[in-house]
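As stored in structure.cif (mmCIF, C-alpha atoms, pLDDT in the B column; chains and numbers go by the auth columns):
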```cif
data_protein
#
loop_
_atom_site.group_PDB
_atom_site.id
_atom_site.type_symbol
_atom_site.label_atom_id
_atom_site.label_comp_id
_atom_site.label_asym_id
_atom_site.label_seq_id
_atom_site.Cartn_x
_atom_site.Cartn_y
_atom_site.Cartn_z
_atom_site.B_iso_or_equiv
_atom_site.auth_seq_id
_atom_site.auth_asym_id
ATOM 1 C CA MET A 1 98.505 105.503 88.508 45.00 1 T
ATOM 2 C CA ILE A 2 96.601 102.227 88.895 52.00 2 T
ATOM 3 C CA GLY A 3 93.760 102.622 91.395 50.00 3 T
ATOM 4 C CA GLU A 4 95.256 104.125 94.519 89.00 4 T
ATOM 5 C CA LEU A 5 98.860 103.257 93.674 96.00 5 T
ATOM 6 C CA ARG A 6 101.467 105.071 91.611 97.00 6 T
ATOM 7 C CA VAL A 7 103.224 102.415 89.526 97.00 7 T
ATOM 8 C CA ARG A 8 106.201 102.171 87.214 96.00 8 T
ATOM 9 C CA GLY A 9 106.998 99.071 85.188 96.00 9 T
ATOM 10 C CA GLY A 10 107.899 97.518 81.882 96.00 10 T
ATOM 11 C CA GLY A 11 108.151 94.305 79.901 96.00 11 T
ATOM 12 C CA ALA A 12 105.344 91.908 79.067 96.00 12 T
ATOM 13 C CA GLY A 13 104.261 88.375 79.832 95.00 13 T
ATOM 14 C CA GLU A 14 105.134 85.956 82.609 95.00 14 T
ATOM 15 C CA PRO A 15 106.503 85.469 85.112 96.00 15 T
ATOM 16 C CA ALA A 16 105.716 88.923 86.457 97.00 16 T
ATOM 17 C CA LEU A 17 108.280 90.426 88.807 98.00 17 T
ATOM 18 C CA LEU A 18 106.874 92.557 91.623 98.00 18 T
ATOM 19 C CA LEU A 19 109.468 94.933 93.102 98.00 19 T
ATOM 20 C CA LEU A 20 108.537 96.305 96.526 98.00 20 T
ATOM 21 C CA HIS A 21 110.518 99.080 98.188 98.00 21 T
ATOM 22 C CA GLY A 22 111.202 99.548 101.884 98.00 22 T
ATOM 23 C CA LEU A 23 109.687 101.823 104.504 97.00 23 T
ATOM 24 C CA GLY A 24 110.156 105.482 103.597 96.00 24 T
ATOM 25 C CA ALA A 25 111.249 104.931 99.984 98.00 25 T
ATOM 26 C CA THR A 26 109.303 104.794 96.690 98.00 26 T
ATOM 27 C CA GLY A 27 109.171 102.560 93.631 98.00 27 T
ATOM 28 C CA ASP A 28 111.703 104.867 91.996 98.00 28 T
ATOM 29 C CA VAL A 29 114.532 103.203 93.957 98.00 29 T
ATOM 30 C CA TRP A 30 114.274 100.436 91.350 98.00 30 T
ATOM 31 C CA GLY A 31 115.030 102.893 88.552 95.00 31 T
ATOM 32 C CA GLY A 32 118.489 101.421 88.033 95.00 32 T
ATOM 33 C CA TRP A 33 116.906 98.048 87.324 97.00 33 T
ATOM 34 C CA SER A 34 114.853 98.923 84.248 95.00 34 T
ATOM 35 C CA VAL A 35 117.534 98.287 81.599 95.00 35 T
ATOM 36 C CA LEU A 36 118.730 95.140 83.389 95.00 36 T
ATOM 37 C CA LEU A 37 115.220 93.735 83.539 96.00 37 T
ATOM 38 C CA ASP A 38 114.516 94.546 79.919 93.00 38 T
ATOM 39 C CA GLU A 39 117.612 92.504 79.044 94.00 39 T
ATOM 40 C CA ARG A 40 117.291 89.627 81.510 94.00 40 T
ATOM 41 C CA TRP A 41 113.751 89.252 82.820 96.00 41 T
ATOM 42 C CA PRO A 42 111.394 87.331 80.500 95.00 42 T
ATOM 43 C CA GLY A 43 108.119 88.782 81.776 96.00 43 T
ATOM 44 C CA ARG A 44 106.732 92.084 82.889 97.00 44 T
ATOM 45 C CA TRP A 45 107.883 93.926 86.000 97.00 45 T
ATOM 46 C CA VAL A 46 105.945 96.204 88.320 98.00 46 T
ATOM 47 C CA ALA A 47 107.329 98.623 90.927 98.00 47 T
ATOM 48 C CA PRO A 48 104.603 100.467 92.863 98.00 48 T
ATOM 49 C CA ASP A 49 104.855 103.112 95.519 98.00 49 T
ATOM 50 C CA LEU A 50 103.476 101.310 98.553 98.00 50 T
ATOM 51 C CA PRO A 51 100.406 102.881 100.203 97.00 51 T
ATOM 52 C CA GLY A 52 101.280 106.047 102.084 97.00 52 T
ATOM 53 C CA HIS A 53 104.519 106.505 100.115 98.00 53 T
ATOM 54 C CA GLY A 54 105.445 108.661 97.118 97.00 54 T
ATOM 55 C CA GLY A 55 102.455 109.208 94.864 97.00 55 T
ATOM 56 C CA SER A 56 100.241 106.479 96.342 97.00 56 T
ATOM 57 C CA ASP A 57 97.271 107.167 98.553 96.00 57 T
ATOM 58 C CA PRO A 58 97.431 106.536 102.307 95.00 58 T
ATOM 59 C CA LEU A 59 95.515 103.865 104.194 95.00 59 T
ATOM 60 C CA ALA A 60 93.282 104.451 107.195 93.00 60 T
ATOM 61 C CA ARG A 61 95.398 101.926 109.103 94.00 61 T
ATOM 62 C CA TYR A 62 98.661 100.250 108.179 96.00 62 T
ATOM 63 C CA SER A 63 99.280 96.534 108.525 97.00 63 T
ATOM 64 C CA TYR A 64 101.239 94.157 106.338 98.00 64 T
ATOM 65 C CA GLY A 65 97.987 92.491 105.324 97.00 65 T
ATOM 66 C CA ALA A 66 96.331 95.784 104.370 96.00 66 T
ATOM 67 C CA VAL A 67 99.330 96.812 102.266 97.00 67 T
ATOM 68 C CA ALA A 68 99.488 93.364 100.636 98.00 68 T
ATOM 69 C CA ALA A 69 95.788 93.497 99.736 97.00 69 T
ATOM 70 C CA THR A 70 96.300 96.846 97.992 97.00 70 T
ATOM 71 C CA VAL A 71 99.378 95.683 96.080 98.00 71 T
ATOM 72 C CA ALA A 72 97.678 92.430 95.021 97.00 72 T
ATOM 73 C CA SER A 73 95.246 94.478 92.919 95.00 73 T
ATOM 74 C CA LEU A 74 98.099 95.120 90.460 97.00 74 T
ATOM 75 C CA MET A 75 98.428 91.457 89.537 96.00 75 T
ATOM 76 C CA GLN A 76 96.182 89.058 87.615 93.00 76 T
ATOM 77 C CA PRO A 77 94.748 86.115 89.610 90.00 77 T
ATOM 78 C CA ALA A 78 96.198 83.417 87.304 91.00 78 T
ATOM 79 C CA GLU A 79 99.471 85.232 86.628 96.00 79 T
ATOM 80 C CA ARG A 80 102.713 83.666 87.856 96.00 80 T
ATOM 81 C CA VAL A 81 104.444 86.172 90.150 98.00 81 T
ATOM 82 C CA ALA A 82 107.910 86.466 91.658 98.00 82 T
ATOM 83 C CA VAL A 83 108.471 89.067 94.384 98.00 83 T
ATOM 84 C CA LEU A 84 111.671 90.886 95.306 98.00 84 T
ATOM 85 C CA GLY A 85 110.943 93.036 98.322 98.00 85 T
ATOM 86 C CA HIS A 86 113.286 95.220 100.353 98.00 86 T
ATOM 87 C CA SER A 87 112.791 95.559 104.112 98.00 87 T
ATOM 88 C CA MET A 88 109.074 96.343 104.638 98.00 88 T
ATOM 89 C CA GLY A 89 108.475 95.369 101.008 98.00 89 T
ATOM 90 C CA GLY A 90 109.939 91.941 101.695 98.00 90 T
ATOM 91 C CA VAL A 91 107.432 91.390 104.485 98.00 91 T
ATOM 92 C CA VAL A 92 104.610 92.434 102.173 98.00 92 T
ATOM 93 C CA GLY A 93 105.938 89.906 99.658 98.00 93 T
ATOM 94 C CA LEU A 94 105.764 87.150 102.272 98.00 94 T
ATOM 95 C CA ALA A 95 102.178 88.124 103.079 98.00 95 T
ATOM 96 C CA LEU A 96 101.299 87.892 99.366 98.00 96 T
ATOM 97 C CA ALA A 97 102.908 84.434 99.232 98.00 97 T
ATOM 98 C CA SER A 98 100.293 83.105 101.647 97.00 98 T
ATOM 99 C CA GLY A 99 97.708 82.937 98.858 95.00 99 T
ATOM 100 C CA TRP A 100 95.266 84.893 101.005 96.00 100 T
ATOM 101 C CA PHE A 101 95.168 87.802 98.553 97.00 101 T
ATOM 102 C CA GLY A 102 94.146 85.947 95.404 96.00 102 T
ATOM 103 C CA ILE A 103 97.403 85.948 93.441 97.00 103 T
ATOM 104 C CA GLN A 104 99.841 83.135 92.598 96.00 104 T
ATOM 105 C CA VAL A 105 103.256 83.922 94.065 98.00 105 T
ATOM 106 C CA ASP A 106 105.845 81.290 93.107 97.00 106 T
ATOM 107 C CA SER A 107 108.896 82.820 94.792 97.00 107 T
ATOM 108 C CA VAL A 108 109.797 85.573 97.234 97.00 108 T
ATOM 109 C CA VAL A 109 113.160 87.120 97.997 97.00 109 T
ATOM 110 C CA GLY A 110 113.117 89.283 101.117 97.00 110 T
ATOM 111 C CA LEU A 111 116.145 91.597 101.096 98.00 111 T
ATOM 112 C CA GLY A 112 117.248 93.392 104.269 98.00 112 T
ATOM 113 C CA ILE A 113 114.176 92.572 106.381 98.00 113 T
ATOM 114 C CA LYS A 114 114.622 93.590 110.002 98.00 114 T
ATOM 115 C CA VAL A 115 113.490 90.406 111.739 98.00 115 T
ATOM 116 C CA SER A 116 114.394 91.176 115.359 97.00 116 T
ATOM 117 C CA TRP A 117 112.979 94.178 117.254 97.00 117 T
ATOM 118 C CA THR A 118 113.555 95.446 120.790 97.00 118 T
ATOM 119 C CA ASP A 119 110.881 97.134 122.875 97.00 119 T
ATOM 120 C CA ASP A 120 112.801 100.431 122.608 97.00 120 T
ATOM 121 C CA GLU A 121 112.896 100.195 118.807 96.00 121 T
ATOM 122 C CA LEU A 122 109.165 99.564 118.639 97.00 122 T
ATOM 123 C CA ALA A 123 108.513 102.486 120.980 97.00 123 T
ATOM 124 C CA ARG A 124 110.591 104.776 118.724 96.00 124 T
ATOM 125 C CA VAL A 125 108.696 103.875 115.566 95.00 125 T
ATOM 126 C CA ARG A 126 105.350 104.315 117.360 95.00 126 T
ATOM 127 C CA ALA A 127 106.491 107.795 118.381 96.00 127 T
ATOM 128 C CA LEU A 128 107.448 108.592 114.775 95.00 128 T
ATOM 129 C CA ALA A 129 103.996 107.496 113.630 96.00 129 T
ATOM 130 C CA GLU A 130 102.360 110.026 115.936 95.00 130 T
ATOM 131 C CA ARG A 131 104.441 113.028 114.888 94.00 131 T
ATOM 132 C CA PRO A 132 102.815 115.683 112.700 95.00 132 T
ATOM 133 C CA VAL A 133 104.066 116.184 109.160 95.00 133 T
ATOM 134 C CA ALA A 134 107.230 118.317 109.075 96.00 134 T
ATOM 135 C CA TRP A 135 107.307 121.128 106.517 98.00 135 T
ATOM 136 C CA PHE A 136 110.423 122.669 104.967 98.00 136 T
ATOM 137 C CA ASP A 137 110.946 126.019 103.295 97.00 137 T
ATOM 138 C CA SER A 138 113.148 124.622 100.542 97.00 138 T
ATOM 139 C CA TYR A 139 113.427 121.543 98.371 98.00 139 T
ATOM 140 C CA ASP A 140 117.025 120.998 99.490 97.00 140 T
ATOM 141 C CA GLU A 141 116.066 120.829 103.165 98.00 141 T
ATOM 142 C CA ALA A 142 113.273 118.369 102.458 98.00 142 T
ATOM 143 C CA ALA A 143 115.494 116.261 100.196 98.00 143 T
ATOM 144 C CA THR A 144 118.172 116.020 102.883 97.00 144 T
ATOM 145 C CA ARG A 145 115.596 114.795 105.399 97.00 145 T
ATOM 146 C CA TYR A 146 114.074 112.339 102.933 98.00 146 T
ATOM 147 C CA LEU A 147 117.404 110.757 102.047 97.00 147 T
ATOM 148 C CA ARG A 148 118.283 110.366 105.715 95.00 148 T
ATOM 149 C CA VAL A 149 114.909 108.926 106.758 92.00 149 T
ATOM 150 C CA SER A 150 114.825 106.473 103.856 94.00 150 T
ATOM 151 C CA GLY A 151 118.423 105.349 104.394 94.00 151 T
ATOM 152 C CA LEU A 152 119.398 106.566 100.928 97.00 152 T
ATOM 153 C CA ALA A 153 121.817 109.334 101.928 96.00 153 T
ATOM 154 C CA GLY A 154 125.014 108.935 99.924 96.00 154 T
ATOM 155 C CA LEU A 155 123.309 106.592 97.461 97.00 155 T
ATOM 156 C CA LEU A 156 121.076 109.063 95.611 97.00 156 T
ATOM 157 C CA PRO A 157 121.785 112.720 94.833 97.00 157 T
ATOM 158 C CA PRO A 158 119.294 115.278 96.176 97.00 158 T
ATOM 159 C CA ASP A 159 118.268 116.295 92.644 96.00 159 T
ATOM 160 C CA SER A 160 117.608 112.756 91.355 96.00 160 T
ATOM 161 C CA PRO A 161 114.117 111.757 90.155 95.00 161 T
ATOM 162 C CA ALA A 162 114.043 109.075 92.847 96.00 162 T
ATOM 163 C CA THR A 163 114.594 111.703 95.545 98.00 163 T
ATOM 164 C CA GLU A 164 111.976 114.018 94.064 97.00 164 T
ATOM 165 C CA ALA A 165 109.462 111.140 94.040 97.00 165 T
ATOM 166 C CA GLY A 166 109.694 110.976 97.826 98.00 166 T
ATOM 167 C CA LEU A 167 108.742 114.639 98.286 98.00 167 T
ATOM 168 C CA ARG A 168 105.618 116.733 97.916 97.00 168 T
ATOM 169 C CA GLU A 169 105.289 120.480 97.378 97.00 169 T
ATOM 170 C CA GLU A 170 102.285 122.487 98.550 95.00 170 T
ATOM 171 C CA GLY A 171 102.048 126.261 98.488 95.00 171 T
ATOM 172 C CA GLY A 172 105.781 126.764 98.087 95.00 172 T
ATOM 173 C CA ARG A 173 106.706 124.517 101.024 98.00 173 T
ATOM 174 C CA TRP A 174 108.012 120.965 100.963 98.00 174 T
ATOM 175 C CA ARG A 175 107.341 117.801 102.957 98.00 175 T
ATOM 176 C CA LEU A 176 108.129 114.134 102.749 98.00 176 T
ATOM 177 C CA ALA A 177 105.436 112.337 100.756 97.00 177 T
ATOM 178 C CA GLN A 178 105.481 109.448 103.242 97.00 178 T
ATOM 179 C CA ASP A 179 102.520 109.276 105.600 97.00 179 T
ATOM 180 C CA PRO A 180 104.061 109.298 109.117 97.00 180 T
ATOM 181 C CA ALA A 181 101.463 106.722 110.194 97.00 181 T
ATOM 182 C CA THR A 182 103.283 104.111 108.085 97.00 182 T
ATOM 183 C CA PHE A 183 105.838 103.808 110.898 96.00 183 T
ATOM 184 C CA ALA A 184 103.137 102.173 113.017 94.00 184 T
ATOM 185 C CA ILE A 185 103.235 99.031 110.868 97.00 185 T
ATOM 186 C CA GLY A 186 105.655 97.623 113.431 93.00 186 T
ATOM 187 C CA ALA A 187 107.464 94.288 113.664 97.00 187 T
ATOM 188 C CA PRO A 188 106.446 91.425 111.364 97.00 188 T
ATOM 189 C CA ASP A 189 105.461 87.962 112.544 97.00 189 T
ATOM 190 C CA MET A 190 108.190 86.285 110.525 98.00 190 T
ATOM 191 C CA ALA A 191 107.570 82.786 111.839 97.00 191 T
ATOM 192 C CA GLY A 192 103.869 83.036 111.017 97.00 192 T
ATOM 193 C CA LEU A 193 104.445 84.479 107.561 98.00 193 T
ATOM 194 C CA LEU A 194 107.021 81.851 106.669 97.00 194 T
ATOM 195 C CA ALA A 195 104.747 79.059 107.883 97.00 195 T
ATOM 196 C CA ALA A 196 101.873 80.392 105.757 97.00 196 T
ATOM 197 C CA SER A 197 103.941 80.891 102.585 97.00 197 T
ATOM 198 C CA ARG A 198 103.098 78.738 99.565 97.00 198 T
ATOM 199 C CA ALA A 199 106.108 80.097 97.678 96.00 199 T
ATOM 200 C CA ALA A 200 109.806 79.328 97.664 95.00 200 T
ATOM 201 C CA VAL A 201 111.356 81.870 100.071 96.00 201 T
ATOM 202 C CA THR A 202 114.885 83.257 100.195 96.00 202 T
ATOM 203 C CA LEU A 203 115.971 85.798 102.788 97.00 203 T
ATOM 204 C CA ALA A 204 118.990 87.926 101.908 97.00 204 T
ATOM 205 C CA ARG A 205 121.033 90.787 103.310 98.00 205 T
ATOM 206 C CA GLY A 206 123.958 92.944 102.363 98.00 206 T
ATOM 207 C CA GLU A 207 127.127 92.002 104.206 97.00 207 T
ATOM 208 C CA ARG A 208 127.302 95.504 105.738 98.00 208 T
ATOM 209 C CA ASP A 209 123.607 95.707 106.654 98.00 209 T
ATOM 210 C CA GLU A 210 123.446 96.612 110.353 96.00 210 T
ATOM 211 C CA MET A 211 119.684 96.027 110.619 96.00 211 T
ATOM 212 C CA VAL A 212 119.828 92.234 110.339 98.00 212 T
ATOM 213 C CA THR A 213 122.468 89.535 110.801 97.00 213 T
ATOM 214 C CA ASP A 214 123.245 86.292 109.000 96.00 214 T
ATOM 215 C CA ASP A 215 122.491 84.325 112.164 96.00 215 T
ATOM 216 C CA GLN A 216 119.042 85.924 112.494 97.00 216 T
ATOM 217 C CA LEU A 217 118.138 84.982 108.928 97.00 217 T
ATOM 218 C CA ARG A 218 119.485 81.453 109.177 95.00 218 T
ATOM 219 C CA ALA A 219 117.452 80.898 112.316 96.00 219 T
ATOM 220 C CA LEU A 220 114.365 81.434 110.147 97.00 220 T
ATOM 221 C CA VAL A 221 115.188 79.793 106.795 94.00 221 T
ATOM 222 C CA ARG A 222 117.794 77.496 105.306 83.00 222 T
ATOM 223 C CA SER A 223 118.037 79.550 102.119 75.00 223 T
ATOM 224 C CA ALA A 224 119.633 82.726 103.493 91.00 224 T
ATOM 225 C CA SER A 225 121.970 84.677 101.231 94.00 225 T
ATOM 226 C CA THR A 226 124.620 87.324 101.930 96.00 226 T
ATOM 227 C CA LEU A 227 125.656 89.906 99.323 97.00 227 T
ATOM 228 C CA PRO A 228 129.371 90.669 99.761 96.00 228 T
ATOM 229 C CA GLY A 229 130.358 94.278 100.382 97.00 229 T
ATOM 230 C CA LEU A 230 126.831 95.720 100.214 98.00 230 T
ATOM 231 C CA GLY A 231 124.692 97.448 102.823 97.00 231 T
ATOM 232 C CA HIS A 232 121.031 97.725 103.738 98.00 232 T
ATOM 233 C CA ASN A 233 120.004 99.249 100.392 98.00 233 T
ATOM 234 C CA ALA A 234 121.972 96.760 98.296 98.00 234 T
ATOM 235 C CA HIS A 235 119.411 96.991 95.478 98.00 235 T
ATOM 236 C CA VAL A 236 120.219 100.688 95.063 98.00 236 T
ATOM 237 C CA GLU A 237 123.977 100.334 95.560 97.00 237 T
ATOM 238 C CA GLU A 238 124.593 97.694 92.867 97.00 238 T
ATOM 239 C CA PRO A 239 121.479 96.594 90.949 97.00 239 T
ATOM 240 C CA ALA A 240 123.399 94.303 88.588 96.00 240 T
ATOM 241 C CA THR A 241 125.144 92.488 91.446 95.00 241 T
ATOM 242 C CA VAL A 242 121.911 91.978 93.353 96.00 242 T
ATOM 243 C CA LEU A 243 120.020 90.739 90.299 95.00 243 T
ATOM 244 C CA ARG A 244 122.824 88.351 89.324 93.00 244 T
ATOM 245 C CA HIS A 245 123.030 86.976 92.861 93.00 245 T
ATOM 246 C CA LEU A 246 119.296 86.657 93.510 94.00 246 T
ATOM 247 C CA GLU A 247 117.817 85.965 90.073 93.00 247 T
ATOM 248 C CA PRO A 248 118.034 82.138 90.467 92.00 248 T
ATOM 249 C CA ALA A 249 115.882 82.364 93.605 90.00 249 T
ATOM 250 C CA LEU A 250 113.215 84.297 91.695 91.00 250 T
ATOM 251 C CA ARG A 251 112.802 81.753 88.879 83.00 251 T
#
```
If you took the structure in this file and wrote it as structure tokens, what would it be?
Amino acid sequence: MIGELRVRGGGAGEPALLLLHGLGATGDVWGGWSVLLDERWPGRWVAPDLPGHGGSDPLARYSYGAVAATVASLMQPAERVAVLGHSMGGVVGLALASGWFGIQVDSVVGLGIKVSWTDDELARVRALAERPVAWFDSYDEAATRYLRVSGLAGLLPPDSPATEAGLREEGGRWRLAQDPATFAIGAPDMAGLLAASRAAVTLARGERDEMVTDDQLRALVRSASTLPGLGHNAHVEEPATVLRHLEPALR
């Protein structure tokens, strides 16, 4: 733990690579990256559980700025930082790239960010944020729910450390570690975040990602990238492919 955040990481020196997971997941989804980064990344890497996820403490109120301010505490002010963020984590990376949080972000890759939201979609996530925590009598039941909610069903086995990191046991019962209020973070102001960024920005998606289209990304940035054959959680599906494809944008 560092402060209020549970963190995993490795390596040493610069540039630092900040790996930010998506809504509902934890920093353990980057577990398949550790050997690759030790071999190919020249600096240190850091993969926190975002506030209200996994082993990290919740926030009183969730906004992309509030999450970015918490994550920024992991980095040194003069340290050169590259960010690879998935979904919600990609938006947090863009917020950090503004320079408003006291760290020097040189590049951001936002993978699988949902950039277009309907009123019905926003109403559904607001309703999820207001639901009470659901408790389960067994680990298996809780793990099944976690993998579905996080979009990781079929990608991680129920007994994997990354699945266990998304759960919490109290008094013999199980729940998702995620604070339901995190769903209230809502739709990002992509145009505003991109305009404020001081970093080189690449937006990317898996070819089979149904949450965002190529046209939506290319309407926002010229440097949009598509990962052939991969889905929304491309970074979990094929870490080596994603790193090989996106590493030039992080340098």
Q) Interatomic distance between atom CA of T:Ile113 and atom CA of T:Leu37? A)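 Taking atom CA of T:Ile113 and atom CA of T:Leu37, their separation equals 22.9 Å.
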Q: Return as an MDAnalysis selection string the set of residues that the PyMOL selection byres ((chain T and resi 208) around 6) yields on the displayed structure.
A: chainID T and resid 206:207 209 230:231
Q: With the file shown as input, list the residues that the PyMOL selection byres ((chain T and resi 134) around 9) selects, as an NGL selection string.
A: :T and (131-133 or 135-136 or 142 or 174-176)
Q. On this structure, which residues satisfy the PyMOL selection byres ((chain T and resi 89) around 9), written as an MDAnalysis selection string?
A. chainID T and resid 19:23 50 84:88 90:94 110:111 113
Q) Which residue gives the smallest distance to T:Val125 among T:Ser98, T:Thr241, T:Thr182, T:Ser56, with all atoms listed in the file counted? A)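 The answer is T:Thr182, which sits nearest to T:Val125.
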Residue neighbourhood T:Gly52, 7 Å, all atoms listed in the file, exclusion window fewer than 3 positions, as a PDB file with C-alpha atoms, keeping the file's coordinate frame:
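File produced: result.pdb:
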```pdb
ATOM      1  CA  SER T  56     100.241 106.479  96.342  1.00 97.00           C
ATOM      2  CA  ASP T  57      97.271 107.167  98.553  1.00 96.00           C
ATOM      3  CA  PRO T  58      97.431 106.536 102.307  1.00 95.00           C
ATOM      4  CA  LEU T  59      95.515 103.865 104.194  1.00 95.00           C
ATOM      5  CA  GLN T 178     105.481 109.448 103.242  1.00 97.00           C
ATOM      6  CA  ASP T 179     102.520 109.276 105.600  1.00 97.00           C
ATOM      7  CA  THR T 182     103.283 104.111 108.085  1.00 97.00           C
TER       8      THR T 182
END
```
Q: Take atom CA of T:Val81 and atom CA of T:Leu246 and report the distance between them in Å, one decimal.
A: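 Separating atom CA of T:Val81 from atom CA of T:Leu246 is a distance of 15.2 Å.
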**Q.** Point-to-point distance in Å for atom CA of T:Val35 and atom CA of T:Ala240
**A.**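 These two atoms are separated by 10.0 Å.
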Q | Residues within 10 Å of T:Asp214, only C-alpha atoms, excluding chain neighbours under 4 positions, as a VMD selection string | A | chain T and resid 203 to 207 209 218 to 219 224 to 226
**Q.** Counting only C-alpha atoms, the option among T:Leu167, T:Ala184, T:Leu227, T:Leu18 closest to T:Glu130
**A.**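 Using only C-alpha atoms, T:Glu130 sits closest to T:Ala184.
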Kindly reconstruct stretch 82-93 of chain T with N, CA, C and O atoms and present the result as a PDB file, keeping the file's coordinate frame.
```pdb
ATOM      1  N   ALA T  82     106.751  86.511  90.774  1.00 98.00           N
ATOM      2  CA  ALA T  82     107.910  86.466  91.658  1.00 98.00           C
ATOM      3  C   ALA T  82     108.006  87.819  92.353  1.00 98.00           C
ATOM      4  O   ALA T  82     107.706  88.860  91.749  1.00 98.00           O
ATOM      5  N   VAL T  83     108.390  87.824  93.619  1.00 98.00           N
ATOM      6  CA  VAL T  83     108.471  89.067  94.384  1.00 98.00           C
ATOM      7  C   VAL T  83     109.887  89.261  94.903  1.00 98.00           C
ATOM      8  O   VAL T  83     110.474  88.346  95.498  1.00 98.00           O
ATOM      9  N   LEU T  84     110.436  90.450  94.660  1.00 98.00           N
ATOM     10  CA  LEU T  84     111.671  90.886  95.306  1.00 98.00           C
ATOM     11  C   LEU T  84     111.309  92.106  96.134  1.00 98.00           C
ATOM     12  O   LEU T  84     110.959  93.153  95.587  1.00 98.00           O
ATOM     13  N   GLY T  85     111.343  91.955  97.446  1.00 98.00           N
ATOM     14  CA  GLY T  85     110.943  93.036  98.322  1.00 98.00           C
ATOM     15  C   GLY T  85     112.059  93.420  99.266  1.00 98.00           C
ATOM     16  O   GLY T  85     112.747  92.558  99.829  1.00 98.00           O
ATOM     17  N   HIS T  86     112.255  94.717  99.446  1.00 98.00           N
ATOM     18  CA  HIS T  86     113.286  95.220 100.353  1.00 98.00           C
ATOM     19  C   HIS T  86     112.650  95.637 101.672  1.00 98.00           C
ATOM     20  O   HIS T  86     111.669  96.377 101.695  1.00 98.00           O
ATOM     21  N   SER T  87     113.203  95.141 102.775  1.00 98.00           N
ATOM     22  CA  SER T  87     112.791  95.559 104.112  1.00 98.00           C
ATOM     23  C   SER T  87     111.278  95.379 104.284  1.00 98.00           C
ATOM     24  O   SER T  87     110.761  94.275 104.160  1.00 98.00           O
ATOM     25  N   MET T  88     110.531  96.444 104.531  1.00 98.00           N
ATOM     26  CA  MET T  88     109.074  96.343 104.638  1.00 98.00           C
ATOM     27  C   MET T  88     108.471  95.674 103.412  1.00 98.00           C
ATOM     28  O   MET T  88     107.531  94.865 103.522  1.00 98.00           O
ATOM     29  N   GLY T  89     108.993  95.982 102.231  1.00 98.00           N
ATOM     30  CA  GLY T  89     108.475  95.369 101.008  1.00 98.00           C
ATOM     31  C   GLY T  89     108.663  93.870 100.983  1.00 98.00           C
ATOM     32  O   GLY T  89     107.844  93.137 100.413  1.00 98.00           O
ATOM     33  N   GLY T  90     109.737  93.376 101.604  1.00 98.00           N
ATOM     34  CA  GLY T  90     109.939  91.941 101.695  1.00 98.00           C
ATOM     35  C   GLY T  90     108.888  91.266 102.555  1.00 98.00           C
ATOM     36  O   GLY T  90     108.433  90.156 102.246  1.00 98.00           O
ATOM     37  N   VAL T  91     108.487  91.938 103.625  1.00 98.00           N
ATOM     38  CA  VAL T  91     107.432  91.390 104.485  1.00 98.00           C
ATOM     39  C   VAL T  91     106.107  91.360 103.732  1.00 98.00           C
ATOM     40  O   VAL T  91     105.348  90.390 103.815  1.00 98.00           O
ATOM     41  N   VAL T  92     105.828  92.411 102.985  1.00 98.00           N
ATOM     42  CA  VAL T  92     104.610  92.434 102.173  1.00 98.00           C
ATOM     43  C   VAL T  92     104.632  91.286 101.167  1.00 98.00           C
ATOM     44  O   VAL T  92     103.621  90.620 100.926  1.00 98.00           O
ATOM     45  N   GLY T  93     105.807  91.024 100.582  1.00 98.00           N
ATOM     46  CA  GLY T  93     105.938  89.906  99.658  1.00 98.00           C
ATOM     47  C   GLY T  93     105.625  88.576 100.315  1.00 98.00           C
ATOM     48  O   GLY T  93     104.950  87.714  99.724  1.00 98.00           O
TER      49      GLY T  93
END
```
